[in-house]
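K.L.:
Have a peek at entry_33.pdb (PDB, C-alpha atoms and all ligand atoms).
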```pdb
ATOM      1  CA  MET A   1     -55.624  86.898 -81.183  1.00  0.00           C
ATOM      2  CA  THR A   2     -55.179  90.207 -83.093  1.00  0.00           C
ATOM      3  CA  ILE A   3     -55.933  90.404 -86.846  1.00  0.00           C
ATOM      4  CA  SER A   4     -52.256  91.055 -87.597  1.00  0.00           C
ATOM      5  CA  LYS A   5     -51.169  87.857 -85.793  1.00  0.00           C
ATOM      6  CA  THR A   6     -53.902  85.919 -87.582  1.00  0.00           C
ATOM      7  CA  LEU A   7     -52.786  87.192 -91.013  1.00  0.00           C
ATOM      8  CA  ASN A   8     -49.156  86.258 -90.343  1.00  0.00           C
ATOM      9  CA  LYS A   9     -49.973  82.662 -89.502  1.00  0.00           C
ATOM     10  CA  PRO A  10     -48.506  80.409 -92.260  1.00  0.00           C
ATOM     11  CA  GLU A  11     -51.889  78.902 -93.143  1.00  0.00           C
ATOM     12  CA  ASN A  12     -53.255  82.402 -93.809  1.00  0.00           C
ATOM     13  CA  LEU A  13     -50.263  83.536 -95.872  1.00  0.00           C
ATOM     14  CA  SER A  14     -51.725  82.632 -99.269  1.00  0.00           C
ATOM     15  CA  THR A  15     -55.075  84.269 -98.377  1.00  0.00           C
ATOM     16  CA  ASN A  16     -53.203  87.380 -97.300  1.00  0.00           C
ATOM     17  CA  LYS A  17     -51.125  87.365-100.519  1.00  0.00           C
ATOM     18  CA  ASN A  18     -54.284  87.029-102.575  1.00  0.00           C
ATOM     19  CA  LEU A  19     -55.953  89.878-100.695  1.00  0.00           C
ATOM     20  CA  LEU A  20     -52.955  92.208-101.108  1.00  0.00           C
ATOM     21  CA  ASN A  21     -52.682  91.265-104.784  1.00  0.00           C
ATOM     22  CA  VAL A  22     -56.384  91.933-105.470  1.00  0.00           C
ATOM     23  CA  ILE A  23     -56.326  95.282-103.642  1.00  0.00           C
ATOM     24  CA  LEU A  24     -53.106  96.359-105.376  1.00  0.00           C
ATOM     25  CA  GLU A  25     -54.391  95.419-108.861  1.00  0.00           C
ATOM     26  CA  THR A  26     -57.676  97.229-108.156  1.00  0.00           C
ATOM     27  CA  THR A  27     -55.760 100.324-107.042  1.00  0.00           C
ATOM     28  CA  TYR A  28     -53.838 100.265-110.327  1.00  0.00           C
ATOM     29  CA  ALA A  29     -57.084  99.905-112.295  1.00  0.00           C
ATOM     30  CA  GLU A  30     -58.650 102.823-110.411  1.00  0.00           C
ATOM     31  CA  TYR A  31     -55.536 104.961-110.878  1.00  0.00           C
ATOM     32  CA  GLY A  32     -55.476 104.160-114.604  1.00  0.00           C
ATOM     33  CA  SER A  33     -59.147 105.086-114.790  1.00  0.00           C
ATOM     34  CA  ALA A  34     -58.525 108.401-112.966  1.00  0.00           C
ATOM     35  CA  LEU A  35     -55.779 109.318-115.454  1.00  0.00           C
ATOM     36  CA  GLU A  36     -57.974 108.353-118.427  1.00  0.00           C
ATOM     37  CA  MET A  37     -60.823 110.540-117.148  1.00  0.00           C
ATOM     38  CA  LEU A  38     -58.519 113.470-116.474  1.00  0.00           C
ATOM     39  CA  SER A  39     -57.129 113.158-119.974  1.00  0.00           C
ATOM     40  CA  ALA A  40     -60.694 113.008-121.381  1.00  0.00           C
ATOM     41  CA  CYS A  41     -61.519 116.153-119.381  1.00  0.00           C
ATOM     42  CA  LYS A  42     -58.518 117.993-120.861  1.00  0.00           C
ATOM     43  CA  ASN A  43     -59.415 116.870-124.390  1.00  0.00           C
ATOM     44  CA  SER A  44     -63.140 117.681-124.165  1.00  0.00           C
ATOM     45  CA  GLU A  45     -64.560 120.031-126.730  1.00  0.00           C
ATOM     46  CA  LYS A  46     -67.821 120.609-124.843  1.00  0.00           C
ATOM     47  CA  ASP A  47     -68.027 122.221-121.395  1.00  0.00           C
ATOM     48  CA  SER A  48     -70.634 119.693-120.227  1.00  0.00           C
ATOM     49  CA  PHE A  49     -68.368 116.745-121.203  1.00  0.00           C
ATOM     50  CA  CYS A  50     -65.378 118.415-119.504  1.00  0.00           C
ATOM     51  CA  PHE A  51     -67.436 118.867-116.326  1.00  0.00           C
ATOM     52  CA  GLY A  52     -68.618 115.228-116.382  1.00  0.00           C
ATOM     53  CA  PHE A  53     -65.142 113.793-116.978  1.00  0.00           C
ATOM     54  CA  PHE A  54     -63.669 116.045-114.284  1.00  0.00           C
ATOM     55  CA  HIS A  55     -66.108 114.733-111.664  1.00  0.00           C
ATOM     56  CA  HIS A  56     -65.534 111.178-112.847  1.00  0.00           C
ATOM     57  CA  ALA A  57     -61.740 111.676-112.468  1.00  0.00           C
ATOM     58  CA  LYS A  58     -62.298 113.111-108.966  1.00  0.00           C
ATOM     59  CA  ASP A  59     -64.324 110.018-107.970  1.00  0.00           C
ATOM     60  CA  GLU A  60     -61.627 107.692-109.331  1.00  0.00           C
ATOM     61  CA  TYR A  61     -58.869 109.522-107.419  1.00  0.00           C
ATOM     62  CA  ASN A  62     -60.978 109.131-104.261  1.00  0.00           C
ATOM     63  CA  HIS A  63     -61.274 105.401-104.989  1.00  0.00           C
ATOM     64  CA  VAL A  64     -57.470 105.188-105.369  1.00  0.00           C
ATOM     65  CA  ASP A  65     -57.100 106.924-102.009  1.00  0.00           C
ATOM     66  CA  ILE A  66     -59.485 104.482-100.309  1.00  0.00           C
ATOM     67  CA  PHE A  67     -57.814 101.402-101.828  1.00  0.00           C
ATOM     68  CA  LEU A  68     -54.351 102.717-100.896  1.00  0.00           C
ATOM     69  CA  SER A  69     -55.505 103.127 -97.286  1.00  0.00           C
ATOM     70  CA  ILE A  70     -56.830  99.540 -97.282  1.00  0.00           C
ATOM     71  CA  LEU A  71     -53.585  98.307 -98.898  1.00  0.00           C
ATOM     72  CA  LYS A  72     -51.556 100.141 -96.245  1.00  0.00           C
ATOM     73  CA  LYS A  73     -53.661  98.676 -93.448  1.00  0.00           C
ATOM     74  CA  TYR A  74     -53.258  95.073 -94.652  1.00  0.00           C
ATOM     75  CA  GLY A  75     -49.600  95.720 -95.605  1.00  0.00           C
ATOM     76  CA  ASN A  76     -48.903  96.767 -92.007  1.00  0.00           C
ATOM     77  CA  MET A  77     -50.456  93.519 -90.785  1.00  0.00           C
ATOM     78  CA  SER A  78     -48.216  91.427 -93.107  1.00  0.00           C
ATOM     79  CA  SER A  79     -44.535  90.526 -93.056  1.00  0.00           C
ATOM     80  CA  HIS A  80     -42.087  93.148 -94.399  1.00  0.00           C
ATOM     81  CA  LYS A  81     -41.318  91.022 -97.448  1.00  0.00           C
ATOM     82  CA  LEU A  82     -44.963  90.576 -98.374  1.00  0.00           C
ATOM     83  CA  ALA A  83     -45.707  94.276 -97.838  1.00  0.00           C
ATOM     84  CA  ARG A  84     -42.725  95.159-100.059  1.00  0.00           C
ATOM     85  CA  ASP A  85     -43.823  92.764-102.814  1.00  0.00           C
ATOM     86  CA  TYR A  86     -47.265  94.382-102.942  1.00  0.00           C
ATOM     87  CA  ARG A  87     -46.230  98.020-102.703  1.00  0.00           C
ATOM     88  CA  PHE A  88     -47.940 100.530-105.005  1.00  0.00           C
ATOM     89  CA  SER A  89     -45.774 102.059-107.728  1.00  0.00           C
ATOM     90  CA  SER A  90     -47.340 104.594-110.111  1.00  0.00           C
ATOM     91  CA  THR A  91     -45.100 103.483-113.018  1.00  0.00           C
ATOM     92  CA  ALA A  92     -46.482  99.923-112.828  1.00  0.00           C
ATOM     93  CA  ILE A  93     -49.729 101.015-114.499  1.00  0.00           C
ATOM     94  CA  LEU A  94     -47.781 101.249-117.789  1.00  0.00           C
ATOM     95  CA  VAL A  95     -45.951  97.932-117.309  1.00  0.00           C
ATOM     96  CA  LYS A  96     -49.186  96.184-116.410  1.00  0.00           C
ATOM     97  CA  GLY A  97     -51.075  97.796-119.286  1.00  0.00           C
ATOM     98  CA  TYR A  98     -53.671  99.711-117.253  1.00  0.00           C
ATOM     99  CA  VAL A  99     -52.655 102.746-119.319  1.00  0.00           C
ATOM    100  CA  SER A 100     -51.278 102.135-122.796  1.00  0.00           C
ATOM    101  CA  GLU A 101     -47.778 103.310-123.732  1.00  0.00           C
ATOM    102  CA  LYS A 102     -49.356 104.461-127.016  1.00  0.00           C
ATOM    103  CA  GLY A 103     -51.352 107.153-125.200  1.00  0.00           C
ATOM    104  CA  TYR A 104     -54.627 107.642-123.401  1.00  0.00           C
ATOM    105  CA  LEU A 105     -57.779 106.007-124.713  1.00  0.00           C
ATOM    106  CA  VAL A 106     -59.423 109.325-125.487  1.00  0.00           C
ATOM    107  CA  GLU A 107     -56.522 110.090-127.843  1.00  0.00           C
ATOM    108  CA  ASN A 108     -56.847 106.778-129.668  1.00  0.00           C
ATOM    109  CA  LEU A 109     -60.585 106.018-129.684  1.00  0.00           C
ATOM    110  CA  ARG A 110     -63.608 107.662-131.220  1.00  0.00           C
ATOM    111  CA  LEU A 111     -65.731 109.341-128.529  1.00  0.00           C
ATOM    112  CA  LYS A 112     -68.462 106.741-129.050  1.00  0.00           C
ATOM    113  CA  ASP A 113     -66.026 103.861-128.399  1.00  0.00           C
ATOM    114  CA  PHE A 114     -64.572 105.696-125.426  1.00  0.00           C
ATOM    115  CA  ILE A 115     -68.021 106.035-123.843  1.00  0.00           C
ATOM    116  CA  ALA A 116     -68.613 102.338-124.607  1.00  0.00           C
ATOM    117  CA  TYR A 117     -65.401 101.591-122.738  1.00  0.00           C
ATOM    118  CA  ILE A 118     -66.680 103.568-119.716  1.00  0.00           C
ATOM    119  CA  TYR A 119     -70.128 101.986-119.969  1.00  0.00           C
ATOM    120  CA  THR A 120     -68.767  98.434-119.784  1.00  0.00           C
ATOM    121  CA  ASN A 121     -65.739  98.884-117.539  1.00  0.00           C
ATOM    122  CA  GLU A 122     -67.684 100.657-114.809  1.00  0.00           C
ATOM    123  CA  LEU A 123     -70.034  97.686-114.675  1.00  0.00           C
ATOM    124  CA  LEU A 124     -67.145  95.186-114.717  1.00  0.00           C
ATOM    125  CA  ALA A 125     -65.455  97.159-111.904  1.00  0.00           C
ATOM    126  CA  LYS A 126     -68.601  97.034-109.811  1.00  0.00           C
ATOM    127  CA  GLU A 127     -68.807  93.247-110.335  1.00  0.00           C
ATOM    128  CA  SER A 128     -65.138  92.744-109.373  1.00  0.00           C
ATOM    129  CA  PHE A 129     -65.685  94.711-106.131  1.00  0.00           C
ATOM    130  CA  GLU A 130     -68.268  92.130-105.092  1.00  0.00           C
ATOM    131  CA  GLY A 131     -65.346  89.636-105.019  1.00  0.00           C
ATOM    132  CA  ILE A 132     -63.281  91.999-102.846  1.00  0.00           C
ATOM    133  CA  LEU A 133     -66.160  92.295-100.374  1.00  0.00           C
ATOM    134  CA  LYS A 134     -65.992  88.523 -99.817  1.00  0.00           C
ATOM    135  CA  LEU A 135     -62.235  88.723 -99.138  1.00  0.00           C
ATOM    136  CA  LEU A 136     -62.658  91.515 -96.562  1.00  0.00           C
ATOM    137  CA  ASN A 137     -64.932  89.475 -94.326  1.00  0.00           C
ATOM    138  CA  SER A 138     -63.339  90.754 -91.119  1.00  0.00           C
ATOM    139  CA  SER A 139     -63.775  94.502 -91.565  1.00  0.00           C
ATOM    140  CA  GLU A 140     -67.189  96.208 -91.703  1.00  0.00           C
ATOM    141  CA  GLU A 141     -65.529  99.621 -92.069  1.00  0.00           C
ATOM    142  CA  ASP A 142     -63.634  98.581 -95.240  1.00  0.00           C
ATOM    143  CA  LYS A 143     -66.715  96.854 -96.604  1.00  0.00           C
ATOM    144  CA  ASN A 144     -68.767 100.052 -96.261  1.00  0.00           C
ATOM    145  CA  LYS A 145     -66.088 102.034 -98.088  1.00  0.00           C
ATOM    146  CA  ILE A 146     -66.170  99.554-100.974  1.00  0.00           C
ATOM    147  CA  ILE A 147     -69.976  99.507-101.113  1.00  0.00           C
ATOM    148  CA  LYS A 148     -69.826 103.300-101.523  1.00  0.00           C
ATOM    149  CA  ILE A 149     -67.310 102.883-104.381  1.00  0.00           C
ATOM    150  CA  MET A 150     -69.637 100.332-106.019  1.00  0.00           C
ATOM    151  CA  ASP A 151     -72.442 102.934-105.915  1.00  0.00           C
ATOM    152  CA  ASP A 152     -70.115 105.413-107.655  1.00  0.00           C
ATOM    153  CA  GLU A 153     -69.242 102.882-110.379  1.00  0.00           C
ATOM    154  CA  LEU A 154     -72.901 102.131-111.017  1.00  0.00           C
ATOM    155  CA  ARG A 155     -73.560 105.884-111.273  1.00  0.00           C
ATOM    156  CA  HIS A 156     -70.714 106.226-113.819  1.00  0.00           C
ATOM    157  CA  HIS A 157     -72.161 103.294-115.769  1.00  0.00           C
ATOM    158  CA  GLY A 158     -75.609 104.967-115.713  1.00  0.00           C
ATOM    159  CA  LEU A 159     -74.187 108.298-116.907  1.00  0.00           C
ATOM    160  CA  ALA A 160     -72.483 106.580-119.857  1.00  0.00           C
ATOM    161  CA  LYS A 161     -75.784 104.892-120.703  1.00  0.00           C
ATOM    162  CA  LYS A 162     -77.567 108.278-120.575  1.00  0.00           C
ATOM    163  CA  HIS A 163     -74.938 109.669-122.943  1.00  0.00           C
ATOM    164  CA  PHE A 164     -75.646 106.858-125.421  1.00  0.00           C
ATOM    165  CA  ILE A 165     -79.411 107.389-125.233  1.00  0.00           C
ATOM    166  CA  LYS A 166     -79.013 111.143-125.743  1.00  0.00           C
ATOM    167  CA  TYR A 167     -76.377 111.222-128.492  1.00  0.00           C
ATOM    168  CA  TYR A 168     -76.841 107.836-130.218  1.00  0.00           C
ATOM    169  CA  PRO A 169     -80.593 107.121-130.141  1.00  0.00           C
ATOM    170  CA  LEU A 170     -80.254 104.501-132.889  1.00  0.00           C
ATOM    171  CA  LEU A 171     -77.940 102.334-130.797  1.00  0.00           C
ATOM    172  CA  GLN A 172     -79.519  98.935-130.089  1.00  0.00           C
ATOM    173  CA  PRO A 173     -79.244  96.892-126.840  1.00  0.00           C
ATOM    174  CA  TRP A 174     -77.161  94.276-128.696  1.00  0.00           C
ATOM    175  CA  HIS A 175     -74.538  96.979-129.421  1.00  0.00           C
ATOM    176  CA  LEU A 176     -74.147  97.509-125.680  1.00  0.00           C
ATOM    177  CA  LYS A 177     -73.888  93.738-125.102  1.00  0.00           C
ATOM    178  CA  PHE A 178     -71.243  93.568-127.827  1.00  0.00           C
ATOM    179  CA  TYR A 179     -69.263  96.371-126.130  1.00  0.00           C
ATOM    180  CA  LYS A 180     -69.377  94.485-122.833  1.00  0.00           C
ATOM    181  CA  ILE A 181     -68.117  91.220-124.399  1.00  0.00           C
ATOM    182  CA  ARG A 182     -65.341  93.089-126.238  1.00  0.00           C
ATOM    183  CA  GLU A 183     -64.129  94.834-123.061  1.00  0.00           C
ATOM    184  CA  THR A 184     -64.320  91.598-121.045  1.00  0.00           C
ATOM    185  CA  ILE A 185     -62.069  89.887-123.627  1.00  0.00           C
ATOM    186  CA  LYS A 186     -59.645  92.845-123.565  1.00  0.00           C
ATOM    187  CA  ASN A 187     -59.472  92.710-119.752  1.00  0.00           C
ATOM    188  CA  LYS A 188     -58.730  88.983-119.848  1.00  0.00           C
ATOM    189  CA  GLY A 189     -56.089  89.607-122.536  1.00  0.00           C
ATOM    190  CA  ARG A 190     -54.342  92.176-120.342  1.00  0.00           C
ATOM    191  CA  LYS A 191     -54.289  89.772-117.395  1.00  0.00           C
ATOM    192  CA  PHE A 192     -52.902  87.010-119.663  1.00  0.00           C
ATOM    193  CA  TYR A 193     -50.180  89.388-120.945  1.00  0.00           C
ATOM    194  CA  TYR A 194     -49.084  90.239-117.393  1.00  0.00           C
ATOM    195  CA  LYS A 195     -49.165  86.567-116.321  1.00  0.00           C
ATOM    196  CA  ASN A 196     -46.836  85.884-119.275  1.00  0.00           C
ATOM    197  CA  LEU A 197     -44.447  88.575-118.024  1.00  0.00           C
ATOM    198  CA  GLU A 198     -44.510  87.024-114.553  1.00  0.00           C
ATOM    199  CA  PHE A 199     -43.808  83.581-116.074  1.00  0.00           C
ATOM    200  CA  LEU A 200     -40.852  84.917-118.092  1.00  0.00           C
ATOM    201  CA  ASP A 201     -39.539  86.621-114.954  1.00  0.00           C
ATOM    202  CA  LEU A 202     -39.741  83.300-113.117  1.00  0.00           C
ATOM    203  CA  ILE A 203     -37.786  81.517-115.885  1.00  0.00           C
ATOM    204  CA  LEU A 204     -35.213  84.231-116.646  1.00  0.00           C
ATOM    205  CA  SER A 205     -34.394  85.502-113.129  1.00  0.00           C
ATOM    206  CA  PRO A 206     -32.441  82.336-112.110  1.00  0.00           C
ATOM    207  CA  LEU A 207     -30.584  82.526-115.448  1.00  0.00           C
ATOM    208  CA  TYR A 208     -29.535  86.162-114.817  1.00  0.00           C
ATOM    209  CA  LYS A 209     -28.461  85.270-111.273  1.00  0.00           C
ATOM    210  CA  PHE A 210     -26.404  82.310-112.567  1.00  0.00           C
ATOM    211  CA  MET A 211     -24.675  84.535-115.161  1.00  0.00           C
ATOM    212  CA  GLY A 212     -23.879  87.075-112.410  1.00  0.00           C
ATOM    213  CA  PHE A 213     -22.458  84.257-110.251  1.00  0.00           C
ATOM    214  CA  LEU A 214     -20.282  83.049-113.163  1.00  0.00           C
ATOM    215  CA  ALA A 215     -19.023  86.572-113.911  1.00  0.00           C
ATOM    216  CA  ALA A 216     -18.116  87.108-110.224  1.00  0.00           C
ATOM    217  CA  ASN A 217     -16.128  83.846-110.148  1.00  0.00           C
ATOM    218  CA  ILE A 218     -14.293  84.659-113.380  1.00  0.00           C
ATOM    219  CA  ILE A 219     -13.263  88.050-111.940  1.00  0.00           C
ATOM    220  CA  ARG A 220     -12.042  86.352-108.755  1.00  0.00           C
ATOM    221  CA  CYS A 221      -9.758  84.092-110.850  1.00  0.00           C
ATOM    222  CA  ILE A 222      -8.123  86.981-112.712  1.00  0.00           C
ATOM    223  CA  ASN A 223      -4.744  88.032-111.265  1.00  0.00           C
ATOM    224  CA  LEU A 224      -5.079  91.715-110.337  1.00  0.00           C
ATOM    225  CA  VAL A 225      -1.613  92.082-108.717  1.00  0.00           C
ATOM    226  CA  GLU A 226      -0.300  94.066-111.699  1.00  0.00           C
ATOM    227  CA  PHE A 227      -2.993  96.691-111.038  1.00  0.00           C
ATOM    228  CA  CYS A 228      -1.908  97.256-107.431  1.00  0.00           C
ATOM    229  CA  HIS A 229       0.283 100.380-107.364  1.00  0.00           C
ATOM    230  CA  THR A 230       0.355 101.005-103.615  1.00  0.00           C
ATOM    231  CA  GLY A 231       3.779 102.385-102.625  1.00  0.00           C
ATOM    232  CA  LYS A 232       5.042 102.462-106.240  1.00  0.00           C
ATOM    233  CA  ASN A 233       6.436 105.461-108.035  1.00  0.00           C
ATOM    234  CA  LEU A 234       3.746 106.255-110.605  1.00  0.00           C
ATOM    235  CA  MET A 235       6.425 107.580-113.015  1.00  0.00           C
ATOM    236  CA  GLU A 236       7.926 104.070-113.186  1.00  0.00           C
ATOM    237  CA  ILE A 237       4.676 102.440-114.269  1.00  0.00           C
ATOM    238  CA  SER A 238       4.643 101.333-117.885  1.00  0.00           C
ATOM    239  CA  PRO A 239       2.820 103.801-120.147  1.00  0.00           C
ATOM    240  CA  LYS A 240       1.057 100.739-121.628  1.00  0.00           C
ATOM    241  CA  SER A 241      -0.611 100.029-118.271  1.00  0.00           C
ATOM    242  CA  ILE A 242      -4.371 100.516-118.383  1.00  0.00           C
ATOM    243  CA  ILE A 243      -4.334 102.090-114.889  1.00  0.00           C
TER     244      ILE A 243
HETATM  245 FE    FE A 301     -63.532 103.605-109.602  1.00  0.00          FE
HETATM  246 FE    FE A 302     -65.685 104.570-112.084  1.00  0.00          FE
END
```
What do you get writing this file as C-alpha cells?
P.N.:
Amino acid sequence: MTISKTLNKPENLSTNKNLLNVILETTYAEYGSALEMLSACKNSEKDSFCFGFFHHAKDEYNHVDIFLSILKKYGNMSSHKLARDYRFSSTAILVKGYVSEKGYLVENLRLKDFIAYIYTNELLAKESFEGILKLLNSSEEDKNKIIKIMDDELRHHGLAKKHFIKYYPLLQPWHLKFYKIRETIKNKGRKFYYKNLEFLDLILSPLYKFMGFLAANIIRCINLVEFCHTGKNLMEISPKSII
C-alpha cells in the first residue's frame, strides 16, 4: 500500500492531522525567527552583528523552505479538506503571536535580552525537532533534512553563547538558566493564548451561523413584491419608494 493510501485511512487521520499541525506550527516559528533575524540585521549598529544576523536569517529562511516542502508533501498525501486546514499563510504568524503586533523583538528588547532570547529559543527549537523526527518515522530523506536543521539551531545557540562570553563576561550560568525558564514559560503562554482563540472559535462559530440562518429566514418572510418594477413605468413609481 502506498504512503498516501496509508495516511488517508481513518485510523491514521488523527496522526496525520497531528503531523501536519506540528509541521505547520514549526514553519510559522521558523518564519517568525527569519523575520526577527532580518530585522535585527537591519537594526544592527556593528558590521559584525549585521553579518551574523544576516546569516542567521538566511538559515531560518532555508528552514522555512524545507518545512514548507515537507508540509506540501504530506498535504498532497492527505484529503483536500485536511490539506486546506493546514495550509501555510504568512499573516498567521501575527495572529498566532510568532511575531508581535507591537513590533519586532529587536525593537522592543535590550540587545542583551534579545541575545538571551536567541540563546534559549534555538535550544528549545532543537529539542522540539527531536519530537518531529519521531513523527516522520517513514521518511529517511525528511529525517536527514531535519537533522541538518537541528545542527544549524545548535550552531545558532553556540554563537549566542559566544556573544555572551565575549560581551558579558560577568554573566553567571544561573542567568542563562533563568533565561531558558523565562522563554519556556513565554512559549507555553503563547500556545495557551492560541488554544484559547481556537476554543472561542469553536463556541462562537455555531452562534454566528445560527444568526446568519435567522437573518436569512427573516428576509425570506419579508414581502418584496413592492420592490419589483419589471414592466412598470418608472415615472409612475412613488417618489417615496426606496428603489
Ligand atoms: Fe530554524
Ligand atoms: Fe535558528
K.L.:
Could you give me, as a tab-separated table, a per-residue list for chain A showing, wherever an atom lies at most 7 Å from an atom of ligand FE 301 (chain A), the closest pair of atoms and their distance in Å to one decimal, using all atoms listed in the file and sorting by chain then residue number from low to high?
P.N.:
```
residue	atom	partner	partner_atom	distance
A:Glu30	CA	A:FE301	FE	5.0
A:Ser33	CA	A:FE301	FE	7.0
A:Asp59	CA	A:FE301	FE	6.7
A:Glu60	CA	A:FE301	FE	4.5
A:His63	CA	A:FE301	FE	5.4
A:Ile149	CA	A:FE301	FE	6.5
A:Glu153	CA	A:FE301	FE	5.8
```
K.L.:
Neighbours of Thr26 (chain A) within 10 Å (only C-alpha atoms; same-chain residues fewer than 4 positions away dropped), as a VMD selection string?
P.N.:
chain A and resid 20 to 22 30 to 32 63 to 64 67 to 68 125 128 to 129 132
K.L.:
I want to know what sits within 12 Å of Lys177 (chain A), based on all atoms listed in the file, with residues of the same chain fewer than 6 positions away left out; could you give that as a list in words?
P.N.:
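Selected residues are Ala116, Tyr117, Tyr119, Thr120, Leu123, Leu171, Glu183 and Thr184 of chain A.
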K.L.:
Just how far from CA of Ala40 (chain A) is CA of Lys102 (chain A), in Å to one decimal?
P.N.:
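Value for the CA of Lys102 (chain A)-CA of Ala40 (chain A) distance: 15.3 Å.
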K.L.:
In Å, with one decimal, what is the gap from CA of Glu25 (chain A) to CA of Glu141 (chain A)?
P.N.:
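Straight-line distance from CA of Glu25 (chain A) to CA of Glu141 (chain A) works out to 20.6 Å.
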K.L.:
Which value, in Å to one decimal, gives the distance between CA of Cys41 (chain A) and CA of Glu127 (chain A)?
P.N.:
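Separation between CA of Cys41 (chain A) and CA of Glu127 (chain A): 25.7 Å.
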K.L.:
Using all atoms listed in the file, which of A:Ile203, A:Leu109, A:Leu133, A:Leu154 sits nearest ligand FE 302 (chain A)?
P.N.:
A:Leu154
K.L.:
So, counting all atoms listed in the file, which residue among A:Leu19, A:Ala92, A:Ile66, A:Leu176 is closest to Asp113 (chain A)?
P.N.:
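Once distances to Asp113 (chain A) are computed over all atoms listed in the file, the minimum belongs to A:Leu176.
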K.L.:
So which one's closest to ligand FE 302 (chain A), A:Ser79, A:Asn16, A:Asn62, A:Asn43? Using all atoms listed in the file, please.
P.N.:
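Ranked by minimum distance to ligand FE 302 (chain A), first place goes to A:Asn62.
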K.L.:
Name the residues within 12 Å of (-61.3, 108.9, -117.2), counting only C-alpha atoms in the file's coordinates, and put them as a PyMOL selection string.
P.N.:
chain A and resi 29-44+49-61+98-99+104-107+114-115+117-119+121-122+156+160
K.L.:
Which residues are close to region 189-194 of chain A, i.e. within 8 Å by all atoms listed in the file, leaving aside same-chain residues fewer than 3 positions away? Reply as a list in words.
P.N.:
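Listing them by chain and then by number gives Lys96, Gly97, Ile185, Lys186, Leu197 and Glu198 of chain A.
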K.L.:
So, with all atoms listed in the file as the atoms that count, which of A:Lys112, A:Arg220, A:Lys126, A:Lys81 lies closest to ligand FE 302 (chain A)?
P.N.:
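Nearest candidate to ligand FE 302 (chain A) out of A:Lys112, A:Arg220, A:Lys126, A:Lys81: A:Lys126.
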K.L.:
Could you check which of A:Leu202, A:Ile219, A:Leu214, A:Leu124 is closest to ligand FE 302 (chain A), using only C-alpha atoms and all ligand atoms?
P.N.:
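Ranked by minimum distance to ligand FE 302 (chain A), first place goes to A:Leu124.
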K.L.:
From the options A:Lys148, A:His157, A:Lys209, A:Lys17, which residue's atoms come nearest to ligand FE 302 (chain A), counting all atoms listed in the file?
P.N.:
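Distance minimum relative to ligand FE 302 (chain A) lands on A:His157.
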K.L.:
Please put the answer as JSON: centre and edge lengths, in Å with one decimal, of a box along x, y and z that encloses all listed atoms of region 227-234 of chain A plus 4 Å on each side.
P.N.:
```
{"center_x": 1.7, "center_y": 101.5, "center_z": -106.8, "size_x": 17.4, "size_y": 17.6, "size_z": 16.4}
```
K.L.:
Could you expand the PyMOL selection byres (((chain A and resi 70) around 10) and not hetatm) into the explicit residues it covers here, written as a JSON list (two decimals) with C-alpha atoms, keeping the file's coordinate frame?
P.N.:
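Done, and the output landed in part_2.json:
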```
[["chain", "number", "residue", "atom", "x", "y", "z"],
["A", 20, "LEU", "CA", -52.96, 92.21, -101.11],
["A", 23, "ILE", "CA", -56.33, 95.28, -103.64],
["A", 24, "LEU", "CA", -53.11, 96.36, -105.38],
["A", 27, "THR", "CA", -55.76, 100.32, -107.04],
["A", 64, "VAL", "CA", -57.47, 105.19, -105.37],
["A", 65, "ASP", "CA", -57.10, 106.92, -102.01],
["A", 66, "ILE", "CA", -59.48, 104.48, -100.31],
["A", 67, "PHE", "CA", -57.81, 101.40, -101.83],
["A", 68, "LEU", "CA", -54.35, 102.72, -100.90],
["A", 69, "SER", "CA", -55.50, 103.13, -97.29],
["A", 71, "LEU", "CA", -53.58, 98.31, -98.90],
["A", 72, "LYS", "CA", -51.56, 100.14, -96.24],
["A", 73, "LYS", "CA", -53.66, 98.68, -93.45],
["A", 74, "TYR", "CA", -53.26, 95.07, -94.65],
["A", 75, "GLY", "CA", -49.60, 95.72, -95.60],
["A", 76, "ASN", "CA", -48.90, 96.77, -92.01],
["A", 136, "LEU", "CA", -62.66, 91.52, -96.56],
["A", 142, "ASP", "CA", -63.63, 98.58, -95.24],
["A", 145, "LYS", "CA", -66.09, 102.03, -98.09]]
```
